[in-house]
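This is upload-v1.cif. It holds mmCIF, C-alpha atoms.
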```cif
data_run
#
loop_
_atom_site.label_atom_id
_atom_site.label_comp_id
_atom_site.auth_asym_id
_atom_site.auth_seq_id
_atom_site.Cartn_x
_atom_site.Cartn_y
_atom_site.Cartn_z
CA MET S 18 6.02 147.57 -83.07
CA LEU S 19 4.50 149.97 -80.53
CA GLN S 20 0.83 149.48 -79.67
CA ARG S 21 -1.62 152.11 -78.61
CA TYR S 22 -2.62 151.95 -74.95
CA VAL S 23 -6.37 151.85 -74.32
CA HIS S 24 -7.90 152.14 -70.87
CA PRO S 25 -9.94 149.02 -69.85
CA SER S 26 -13.04 151.17 -69.26
CA THR S 27 -12.95 152.52 -72.79
CA PRO S 28 -15.57 150.74 -74.93
CA LYS S 29 -14.19 148.80 -77.83
CA PRO S 30 -15.03 150.30 -81.21
CA ARG S 31 -17.18 148.48 -83.62
CA HIS S 32 -15.68 146.85 -86.65
CA GLY S 33 -14.91 149.44 -89.35
CA SER S 34 -15.36 152.51 -87.15
CA ARG S 35 -12.61 154.96 -86.08
CA PRO S 36 -11.49 155.04 -82.48
CA PRO S 37 -12.70 158.02 -80.49
CA PRO S 38 -10.19 160.90 -80.11
CA LEU S 39 -8.25 161.23 -76.92
CA THR S 40 -9.79 163.63 -74.42
CA PRO S 41 -7.79 166.40 -72.70
CA SER S 42 -8.07 164.40 -69.49
CA ALA S 43 -6.19 161.59 -71.19
CA ILE S 44 -3.30 163.73 -72.59
CA GLY S 45 -3.21 166.40 -69.90
CA ASN S 46 -3.79 170.16 -70.26
CA LYS S 47 -0.54 171.94 -71.33
CA GLU S 48 -1.85 175.32 -70.23
CA ASN S 49 -2.55 174.06 -66.72
CA ARG S 50 0.93 172.55 -66.26
CA PRO S 51 3.11 174.34 -63.65
CA THR S 52 5.90 176.50 -65.30
CA VAL S 53 9.42 176.24 -63.91
CA PRO S 54 11.28 179.65 -63.91
CA ARG S 55 14.39 179.67 -66.07
CA ALA S 56 17.55 180.59 -64.20
CA PRO S 57 19.59 183.43 -65.69
CA ARG S 58 23.12 182.74 -66.81
CA LYS S 59 25.67 182.95 -64.02
CA PRO S 60 27.86 186.03 -64.35
CA SER S 61 31.56 186.22 -63.59
CA ASP S 62 32.97 187.20 -60.20
CA GLY S 63 34.43 190.37 -61.68
CA TRP S 64 31.01 191.51 -62.90
CA MET S 65 29.48 190.82 -59.47
CA LYS S 66 31.98 193.29 -57.95
CA THR S 67 31.83 196.08 -60.54
CA LEU S 68 28.48 195.59 -62.35
CA GLY S 69 28.01 196.80 -65.90
CA TRP S 70 25.94 196.43 -69.04
CA ILE S 71 28.25 193.75 -70.48
CA ASP S 72 29.88 190.85 -68.68
CA GLY S 73 32.91 189.93 -70.75
CA GLY S 74 34.28 187.54 -68.18
CA VAL S 75 32.21 184.65 -69.54
CA ASN S 76 32.08 183.12 -73.00
CA PRO S 77 29.89 184.14 -74.73
CA PRO S 78 29.47 187.54 -73.03
CA ILE S 79 26.26 188.37 -71.19
CA PHE S 80 24.41 191.52 -72.26
CA PHE S 81 22.11 193.33 -69.82
CA TYR S 82 19.66 195.54 -71.69
CA THR S 83 17.70 196.95 -68.74
CA GLU S 84 18.14 197.49 -65.03
CA ASP S 85 15.58 194.75 -64.42
CA ASP S 86 17.92 192.24 -66.10
CA ILE S 87 20.66 193.23 -63.66
CA ARG S 88 18.36 193.00 -60.65
CA GLU S 89 17.01 189.60 -61.76
CA THR S 90 20.54 188.17 -62.00
CA LEU S 91 21.54 189.63 -58.63
CA ASN S 92 18.39 188.33 -56.95
CA TYR S 93 19.22 184.84 -58.16
CA TYR S 94 22.96 184.70 -57.44
CA ALA S 95 23.57 187.46 -54.84
CA PRO S 96 20.38 188.42 -52.99
CA ASP S 97 22.34 190.51 -50.47
CA HIS S 98 24.12 192.63 -53.10
CA PRO S 99 24.24 196.37 -52.16
CA PHE S 100 22.75 197.36 -55.50
CA LEU S 101 19.47 195.64 -54.61
CA GLN S 102 19.12 197.94 -51.61
CA GLU S 103 18.87 200.97 -53.90
CA PRO S 104 15.43 201.98 -55.22
CA PRO S 105 14.82 201.18 -58.90
CA SER S 106 15.63 203.94 -61.34
CA PRO S 107 12.80 205.59 -63.29
CA ALA S 108 11.93 204.02 -66.61
CA ILE S 109 14.16 205.27 -69.44
CA ASP S 110 13.66 205.01 -73.16
CA PRO S 111 15.87 202.17 -74.53
CA GLU S 112 17.03 204.51 -77.33
CA LEU S 113 18.60 206.74 -74.69
CA LEU S 114 20.51 203.83 -73.25
CA ALA S 115 22.07 203.21 -76.66
CA LEU S 116 23.75 206.61 -76.55
CA SER S 117 26.33 205.36 -74.05
CA THR S 118 27.53 202.09 -72.54
CA PRO S 119 28.75 202.98 -69.04
CA THR S 120 31.08 200.56 -67.29
CA PRO S 121 31.15 201.60 -63.63
CA SER S 122 34.04 200.46 -61.48
CA GLY S 123 35.23 200.84 -57.92
CA PRO S 124 33.62 200.34 -54.54
CA THR S 125 30.66 202.63 -55.35
CA ALA S 126 29.63 200.78 -58.49
CA ALA S 127 26.02 200.35 -57.34
CA GLN S 128 25.54 204.09 -56.80
CA ASP S 129 27.40 204.95 -60.03
CA LEU S 130 25.16 202.71 -62.13
CA THR S 131 22.05 204.43 -60.83
CA THR S 132 23.60 207.83 -61.54
CA MET S 133 24.51 206.82 -65.10
CA LEU S 134 20.99 205.61 -65.77
CA ALA S 135 19.54 208.85 -64.44
CA THR S 136 21.89 211.06 -66.51
CA ALA S 137 21.41 209.14 -69.75
CA ALA S 138 18.32 211.19 -70.57
CA SER S 139 20.29 214.44 -70.35
CA SER S 140 22.57 213.30 -73.19
CA SER S 141 19.76 212.56 -75.62
CA VAL S 142 20.87 215.42 -77.88
CA PRO S 143 24.58 215.16 -78.78
CA GLU S 144 26.58 218.35 -78.88
CA ASN S 145 27.55 219.72 -82.26
CA ASP S 146 31.34 220.08 -82.15
CA SER S 147 31.56 221.20 -85.77
CA ALA S 148 29.79 224.51 -85.26
CA PRO S 149 31.06 227.12 -87.75
CA ILE S 150 33.33 229.87 -86.44
CA PRO S 151 31.63 233.28 -86.55
CA LEU S 152 32.94 235.46 -89.36
CA GLU S 153 33.37 238.31 -86.89
CA THR S 154 36.29 236.43 -85.32
CA ALA S 155 37.46 234.41 -88.32
CA GLY S 156 38.79 237.38 -90.27
CA TYR S 157 38.96 237.81 -94.03
CA MET S 158 38.84 234.90 -96.44
CA VAL S 159 42.33 234.98 -97.98
CA SER S 160 43.25 232.96 -101.07
CA VAL S 161 47.01 232.30 -101.15
CA THR S 162 48.56 231.32 -104.50
CA ILE S 163 52.08 229.85 -104.53
CA ILE S 164 53.97 230.27 -107.82
CA SER S 165 56.94 228.01 -108.53
CA SER S 166 59.02 227.07 -111.57
CA VAL S 167 59.28 223.49 -112.78
CA THR S 168 61.79 222.34 -115.41
CA ASP S 169 60.63 219.64 -117.81
CA LYS S 170 62.96 217.35 -119.70
CA PRO S 171 63.33 218.01 -123.45
CA LEU S 172 60.82 216.14 -125.58
CA SER S 173 63.41 215.00 -128.11
CA SER S 174 66.69 213.28 -127.37
CA SER S 175 68.64 215.32 -129.90
CA ARG S 176 71.84 217.03 -128.87
CA GLY S 177 70.52 220.57 -129.20
CA ALA S 178 67.27 220.00 -127.31
CA LYS S 179 66.85 222.26 -124.27
CA PRO S 180 64.67 221.72 -121.21
CA THR S 181 61.59 223.90 -120.85
CA THR S 182 60.62 225.80 -117.72
CA LYS S 183 57.02 226.54 -116.81
CA LYS S 184 55.27 228.23 -113.91
CA LEU S 185 52.96 226.25 -111.65
CA ARG S 186 50.23 227.89 -109.55
CA ASN S 187 48.76 226.27 -106.45
CA SER S 188 45.97 228.07 -104.59
CA LYS S 189 44.48 227.45 -101.15
CA PHE S 190 42.41 229.66 -98.88
CA ASP S 191 41.89 230.21 -95.17
CA TYR S 192 40.47 232.85 -92.83
CA ILE S 193 43.11 235.31 -91.58
CA ASP S 194 42.53 238.34 -89.37
CA ILE S 195 44.56 240.79 -91.44
CA LEU S 196 43.68 243.86 -89.38
CA ALA S 197 45.25 242.34 -86.25
CA LEU S 198 48.55 241.33 -87.90
CA GLU S 199 51.66 243.10 -89.15
CA ARG S 200 53.50 242.35 -92.38
CA GLY S 201 55.76 239.59 -91.03
CA PRO S 202 53.11 237.60 -89.14
CA PHE S 203 50.67 237.97 -92.06
CA PHE S 204 53.25 236.64 -94.51
CA ARG S 205 53.96 233.66 -92.26
CA ALA S 206 50.23 233.00 -91.96
CA GLY S 207 50.01 232.91 -95.76
CA LEU S 208 52.91 230.45 -95.95
CA LYS S 209 51.25 228.30 -93.29
CA VAL S 210 48.25 227.78 -95.54
CA HIS S 211 50.59 225.76 -97.80
CA ASP S 212 52.67 224.32 -94.89
CA LEU S 213 55.71 226.38 -95.94
CA ASP S 214 56.12 228.44 -92.77
CA ASP S 215 59.00 226.22 -91.62
CA GLN S 216 60.92 226.68 -94.89
CA TYR S 217 60.85 230.47 -95.40
CA SER S 218 60.92 233.47 -93.07
CA PRO S 219 60.18 237.12 -93.94
CA GLY S 220 62.69 239.89 -93.38
CA VAL S 221 62.54 242.04 -90.27
CA HIS S 222 62.03 245.34 -92.08
CA SER S 223 61.31 244.37 -95.70
CA GLY S 224 60.93 241.47 -98.10
CA PRO S 225 60.14 239.24 -99.66
CA ALA S 226 57.85 241.04 -102.07
CA PHE S 227 54.39 239.61 -102.69
CA LYS S 228 51.28 240.81 -104.53
CA ILE S 229 47.86 241.38 -103.01
CA HIS S 230 44.47 242.45 -104.34
CA TRP S 231 40.93 242.22 -102.98
CA THR S 232 37.32 242.66 -103.99
CA GLY S 233 36.87 246.21 -105.21
CA SER S 234 40.57 247.13 -105.22
CA SER S 235 41.70 249.56 -107.91
CA GLY S 236 43.22 247.73 -110.87
CA GLY S 237 41.93 244.34 -109.77
CA LYS S 238 44.12 241.31 -110.36
CA ALA S 239 46.06 242.93 -113.21
CA GLY S 240 46.97 245.92 -111.02
CA ALA S 241 47.70 243.99 -107.83
CA VAL S 242 49.65 245.93 -105.21
CA THR S 243 53.22 244.81 -104.45
CA ILE S 244 54.00 244.64 -100.73
CA ASP S 245 57.66 244.85 -99.72
CA THR S 246 57.88 246.99 -96.56
CA ASP S 247 55.86 247.54 -93.40
CA ARG S 248 54.67 250.88 -94.78
CA ASP S 249 53.24 249.20 -97.89
CA PHE S 250 51.35 246.68 -95.77
CA LYS S 251 49.95 249.36 -93.45
CA ALA S 252 48.42 251.15 -96.44
CA VAL S 253 46.69 247.91 -97.46
CA VAL S 254 45.39 247.36 -93.93
CA ASP S 255 43.93 250.88 -93.86
CA ALA S 256 42.12 250.18 -97.14
CA LEU S 257 40.79 246.79 -96.00
CA SER S 258 39.50 248.24 -92.72
CA LYS S 259 36.85 250.08 -94.74
CA LYS S 260 35.63 246.86 -96.40
CA ASN S 261 33.07 244.36 -95.15
CA ARG S 262 35.00 241.21 -94.29
CA THR S 263 32.03 238.97 -95.06
CA THR S 264 31.93 240.06 -98.71
CA CYS S 265 35.53 241.15 -99.33
CA HIS S 266 37.83 238.36 -100.50
CA VAL S 267 41.60 238.91 -100.43
CA ASN S 268 44.02 237.27 -102.90
CA VAL S 269 47.76 236.92 -102.26
CA GLU S 270 50.40 235.73 -104.75
CA ILE S 271 53.83 234.54 -103.54
CA ASP S 272 56.57 233.65 -106.02
CA LEU S 273 58.97 231.11 -104.53
CA ASP S 274 61.58 231.86 -107.21
CA THR S 275 62.24 235.23 -105.56
CA MET S 276 62.47 233.87 -102.01
CA GLU S 277 65.74 231.97 -102.10
CA GLY S 278 67.36 234.60 -99.89
CA PHE S 279 64.65 234.10 -97.26
CA ARG S 280 64.92 230.32 -97.04
CA ILE S 281 65.55 228.96 -93.55
CA ARG S 282 68.97 227.32 -93.55
CA LYS S 283 69.18 224.26 -91.35
CA ARG S 284 72.68 223.46 -90.17
CA PRO S 285 73.67 219.82 -90.69
CA ILE S 286 74.41 217.78 -87.60
CA GLY S 287 78.01 217.05 -88.56
CA GLN S 288 78.88 220.59 -89.56
CA ALA S 289 80.41 221.44 -86.19
CA GLU S 290 82.94 218.65 -86.52
CA ASP S 291 83.75 219.55 -90.14
CA SER S 292 84.41 223.21 -89.37
CA GLU S 293 86.56 222.63 -86.31
CA ALA S 294 89.49 224.54 -87.79
CA ASP S 295 87.32 227.53 -88.71
CA SER S 296 85.62 227.75 -85.31
CA GLU S 297 88.88 227.66 -83.37
CA LEU S 298 89.42 231.40 -83.44
CA LEU S 299 85.68 232.17 -83.41
CA TYR S 300 84.89 230.43 -80.15
CA GLY S 301 88.38 230.33 -78.60
CA THR S 302 88.27 226.66 -77.71
CA LYS S 303 91.92 226.00 -78.61
CA VAL S 304 95.25 227.78 -78.77
CA PRO S 305 95.91 229.10 -82.32
CA ARG S 306 98.58 227.16 -84.23
CA VAL S 307 100.45 228.20 -87.34
CA GLU S 308 99.58 225.00 -89.16
CA SER S 309 95.90 225.86 -88.74
CA PHE S 310 96.26 228.63 -91.35
CA THR S 311 96.93 228.30 -95.04
CA GLU S 312 100.06 229.71 -96.68
CA VAL S 313 98.03 232.55 -98.21
CA GLU S 314 96.59 233.48 -94.81
CA GLN S 315 100.07 233.39 -93.28
CA LEU S 316 101.43 235.63 -96.05
CA HIS S 317 98.54 238.09 -95.59
CA GLY S 318 99.15 238.09 -91.87
CA THR S 319 102.77 239.14 -92.36
CA THR S 320 101.69 241.94 -94.70
CA ILE S 321 99.03 243.13 -92.23
CA LEU S 322 101.66 243.35 -89.48
CA GLN S 323 103.85 245.49 -91.74
CA LEU S 324 100.91 247.78 -92.56
CA LYS S 325 100.03 248.20 -88.89
CA GLN S 326 103.65 249.06 -88.09
CA LYS S 327 103.79 251.72 -90.79
CA TRP S 328 100.34 253.31 -90.36
CA SER S 329 100.05 253.45 -86.56
CA CYS S 330 97.98 256.46 -85.39
CA GLU S 331 98.24 258.07 -81.96
CA ARG S 332 95.33 260.43 -82.65
CA HIS S 333 92.74 257.69 -83.18
CA GLN S 334 93.03 255.07 -80.48
CA GLY S 335 91.41 251.66 -80.29
CA GLU S 336 88.55 250.62 -78.01
CA HIS S 337 90.98 249.69 -75.24
CA GLY S 338 93.11 252.84 -75.46
CA GLU S 339 95.84 251.30 -77.61
CA PRO S 340 97.11 253.15 -80.69
CA GLY S 341 94.88 252.81 -83.72
CA PHE S 342 95.69 252.48 -87.42
CA CYS S 343 94.95 255.11 -90.05
CA TYR S 344 96.04 255.78 -93.61
CA VAL S 345 97.03 259.46 -93.92
CA ASP S 346 96.87 260.92 -97.41
CA THR S 347 98.86 263.89 -98.74
CA ALA S 348 96.17 266.30 -97.53
CA GLY S 349 96.45 265.01 -93.99
CA ASN S 350 93.08 263.22 -93.96
CA HIS S 351 92.90 260.08 -91.76
CA LEU S 352 91.19 256.96 -93.08
CA GLY S 353 90.61 254.41 -90.33
CA LEU S 354 91.92 250.89 -90.93
CA ASN S 355 90.06 248.01 -89.31
CA ASN S 356 90.72 244.30 -89.69
CA ARG S 357 88.52 243.99 -92.78
CA LYS S 358 90.20 246.89 -94.59
CA LEU S 359 93.65 245.65 -93.62
CA LYS S 360 92.83 242.21 -95.00
CA ILE S 361 91.59 243.68 -98.29
CA TRP S 362 94.72 245.84 -98.57
CA ALA S 363 96.98 242.85 -97.84
CA SER S 364 95.19 240.75 -100.48
CA ALA S 365 95.72 243.52 -103.06
CA ILE S 366 99.46 243.64 -102.30
#
```
I need this file expressed as structure tokens, please.
Amino acid sequence: MLQRYVHPSTPKPRHGSRPPPLTPSAIGNKENRPTVPRAPRKPSDGWMKTLGWIDGGVNPPIFFYTEDDIRETLNYYAPDHPFLQEPPSPAIDPELLALSTPTPSGPTAAQDLTTMLATAASSSVPENDSAPIPLETAGYMVSVTIISSVTDKPLSSSRGAKPTTKKLRNSKFDYIDILALERGPFFRAGLKVHDLDDQYSPGVHSGPAFKIHWTGSSGGKAGAVTIDTDRDFKAVVDALSKKNRTTCHVNVEIDLDTMEGFRIRKRPIGQAEDSEADSELLYGTKVPRVESFTEVEQLHGTTILQLKQKWSCERHQGEHGEPGFCYVDTAGNHLGLNNRKLKIWASAI
């Protein structure tokens, strides 16, 4: 059992009385004790070369929240570090430091860190990348409706049940500068709203037909104008040029059921190998052989040779000066015979 130590000069207490409390001189004054400075954690060698706000080369990582933390660590472990020769940066709000976490690297890391601290205040207000596009450059707001047919299975399983076909409408809108486009580019821009511009292509001079109406147009939606040619589209552009694009909304309707002839045909990869016999005469890659032609084609070829022999014409020559071929009727009129007409005539015989 531990006993309490009592100095010999301390008077003994009387029987039944409490011992006097210990004086500060007996226990020592905690406030007057000398404080030993706490050494900062030792950073990694990589951090000593590059500096930075985070030292991930040790486990757990060391976080430096201010420039003073960096200087304190360098003063303890590398008093001759070049960064300590630079003057301290001006005081910066800690909230500004949270906007970025620079990680300088290279031989000029000490100068780069000071520059990053000085430029942190300039980035206090982040830029707004989602600023709206001015309507003066965005164009008209165009609503594009795609109409397509969908066939549903018959409800009953009876033998006479027929499938039903219904029209589906899908609408999306985007801003299109109609006044700066022609009919073809405008039609492709409408298809692009629905990601269909790689499946269909408009005709060079006309087609496919689509309907268009806008705010204040005569007839409205029920009397929508049908656009088929460049002239039709130019009349619409002239009418829209008189409208305010901020208040005029344009509506376009495209029926996919009428656009089968404008679908972009993608040639299969193996088609060249499959049509080798057909491309022989087209590209001239091989010498023609009799077995390359069917019996019908061989029979037509014999008939065509007989027709050319009978209806040779010295008056109308070919493109290379050779005698041409014409059918001469009883009135003496000449009807030119080209390869297509000769083939049709031979098929009829």
Selection near Lys251 in chain S, 10 Å with all atoms listed in the file, sequence-local residues under 6 positions removed, as an mmCIF file with C-alpha atoms, in the frame of the given file:
```
data_model
loop_
_atom_site.group_PDB
_atom_site.id
_atom_site.type_symbol
_atom_site.label_atom_id
_atom_site.label_comp_id
_atom_site.auth_asym_id
_atom_site.auth_seq_id
_atom_site.Cartn_x
_atom_site.Cartn_y
_atom_site.Cartn_z
ATOM 1 C CA LEU S 196 43.680 243.860 -89.380
ATOM 2 C CA LEU S 198 48.550 241.330 -87.900
ATOM 3 C CA GLU S 199 51.660 243.100 -89.150
ATOM 4 C CA ARG S 200 53.500 242.350 -92.380
ATOM 5 C CA ILE S 244 54.000 244.640 -100.730
ATOM 6 C CA LEU S 257 40.790 246.790 -96.000
#
```
| So what does the PyMOL selection byres ((chain S and resi 269-279) around 6) actually pick up in this one, as number ranges by chain? | S: 161-165, 217-218, 227-229, 268, 280
| task | Run the PyMOL selection byres ((chain S and resi 60-64) around 12) mentally over the shown coordinates, then write out the matched residues as a ChimeraX atom specification, using the chain letters and numbers from the document. | result | /S:56-59,65-81,86-87,89-91,93-95,120-123,126-127
If I wrap all listed atoms of range 268-287 of chain S in a box with edges along x, y and z and add 3 Å on each side, what are its centre and edge lengths in Å to one decimal, as AutoDock Vina command-line options?
```
--center_x 61.0 --center_y 227.2 --center_z -97.4 --size_x 40.0 --size_y 26.2 --size_z 25.6
```
| task | Could you tell me how far CA of Lys170 in chain S lies from CA of Ile281 in chain S, in Å and to one decimal? | result |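 Between CA of Lys170 in chain S and CA of Ile281 in chain S the gap works out to 28.7 Å.
Residue nearest Glu314 in chain S, chosen from S:Thr83, S:Ser329, S:Asn356, S:Ser364 and counting only C-alpha atoms: S:Ser364.
Taking only C-alpha atoms into account, Ile321 in chain S lies nearest to S:Phe342 out of the set S:Thr264, S:Pro105, S:Val167, S:Phe342.
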Any chance you could resolve the PyMOL selection byres ((chain S and resi 267) around 10) against this file and give the residues as a PDB file with C-alpha atoms, in the coordinates of the input?
```pdb
ATOM      1  CA  TYR S 157      38.960 237.810 -94.030  1.00  0.00           C
ATOM      2  CA  MET S 158      38.840 234.900 -96.440  1.00  0.00           C
ATOM      3  CA  VAL S 159      42.330 234.980 -97.980  1.00  0.00           C
ATOM      4  CA  SER S 160      43.250 232.960-101.070  1.00  0.00           C
ATOM      5  CA  VAL S 161      47.010 232.300-101.150  1.00  0.00           C
ATOM      6  CA  PHE S 190      42.410 229.660 -98.880  1.00  0.00           C
ATOM      7  CA  TYR S 192      40.470 232.850 -92.830  1.00  0.00           C
ATOM      8  CA  ILE S 193      43.110 235.310 -91.580  1.00  0.00           C
ATOM      9  CA  ILE S 195      44.560 240.790 -91.440  1.00  0.00           C
ATOM     10  CA  ILE S 229      47.860 241.380-103.010  1.00  0.00           C
ATOM     11  CA  HIS S 230      44.470 242.450-104.340  1.00  0.00           C
ATOM     12  CA  TRP S 231      40.930 242.220-102.980  1.00  0.00           C
ATOM     13  CA  THR S 232      37.320 242.660-103.990  1.00  0.00           C
ATOM     14  CA  GLY S 233      36.870 246.210-105.210  1.00  0.00           C
ATOM     15  CA  SER S 234      40.570 247.130-105.220  1.00  0.00           C
ATOM     16  CA  LEU S 257      40.790 246.790 -96.000  1.00  0.00           C
ATOM     17  CA  ARG S 262      35.000 241.210 -94.290  1.00  0.00           C
ATOM     18  CA  THR S 264      31.930 240.060 -98.710  1.00  0.00           C
ATOM     19  CA  CYS S 265      35.530 241.150 -99.330  1.00  0.00           C
ATOM     20  CA  HIS S 266      37.830 238.360-100.500  1.00  0.00           C
ATOM     21  CA  ASN S 268      44.020 237.270-102.900  1.00  0.00           C
ATOM     22  CA  VAL S 269      47.760 236.920-102.260  1.00  0.00           C
TER      23      VAL S 269
END
```
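You will find CA of Ile366 in chain S at 8.1 Å from CA of Thr320 in chain S.
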| request: Calculate how many Å separate CA of Gly156 in chain S from CA of Leu185 in chain S, rounding to one decimal. | output: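 Answer for the CA of Gly156 in chain S to CA of Leu185 in chain S separation: 28.0 Å.
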| Distance criterion (only C-alpha atoms): nearest to His317 in chain S out of S:Ala226, S:Pro219, S:Lys360, S:Glu339 |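 Checking each candidate against His317 in chain S, we get S:Lys360 as the closest.
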